[in-house]
Amino acid sequence: MTKLYHPAVKRATLHLVCGLPGAGKTTLARRLEIELGAVRLCPDEWMEALGVSLFDTAFRDRLEGKLTELARDILRQGGNAIIEFGSWSKAERGALRSLAVQCDAAVHLYWLEVRVAELARRVRERGGAEAAALTEAFLQGISEAVERPSDAEGLEFDHFERIQTI
């Protein structure tokens, strides 16, 4: 398996792992966490652990704000942070990139692209309290609404990878 990180680079780095539900964000983030010794910040895991619905957008917004502050602190201390918020808009990705730049950290963007039918299959297989609501039709709607990163946007990052996982 090819390493995604090269140890010769010692600069603090923010890794943005983005994509739709079921795209493999957590799988990739866990791999990066091990390879980098980074801190992985996953709001879905926190919400599930606290018994909060993944669809509680007010709670999610507050949690993501706190996790963003934590990422900033990690970067300021020279560490690596992995954010897996989904980051479905250019504006959201840009704000996270700006935060890292303010900390003099590098920013890597990973966009995971998966066919909607496969997303639905993965979500069903994963199960959980919210899986029934993430129907193929619902995921199709999200897929059509999301703002995928363009090649031009990718140039704004220190590293950009578009990963087709099926």
# chains A, B, ... in the order shown; residues from 1 in each chain; ligands from 1
>>> select_by_dssp(residues="region 39-91 of chain A", states="helix (DSSP H, G or I)", output="ChimeraX atom specification")
/A:43-49,57-76,90-91
>>> residues_around(residues="region 52-67 of chain A", least_positions_apart="4", cutoff="8 Å", atoms="only C-alpha atoms", output="list in words")
Leu41, Pro43, Asp44, Met47, Glu48, Ala71, Phe85 and Glu130 of chain A
>>> atom_distance(atom1="CA of Glu84 (chain A)", atom2="CA of Gly19 (chain A)")
8.6 Å
>>> select_by_dssp(residues="region 14-93 of chain A", states="strand (DSSP E)", output="PyMOL selection string")
chain A and resi 14-19+39-41+81-86
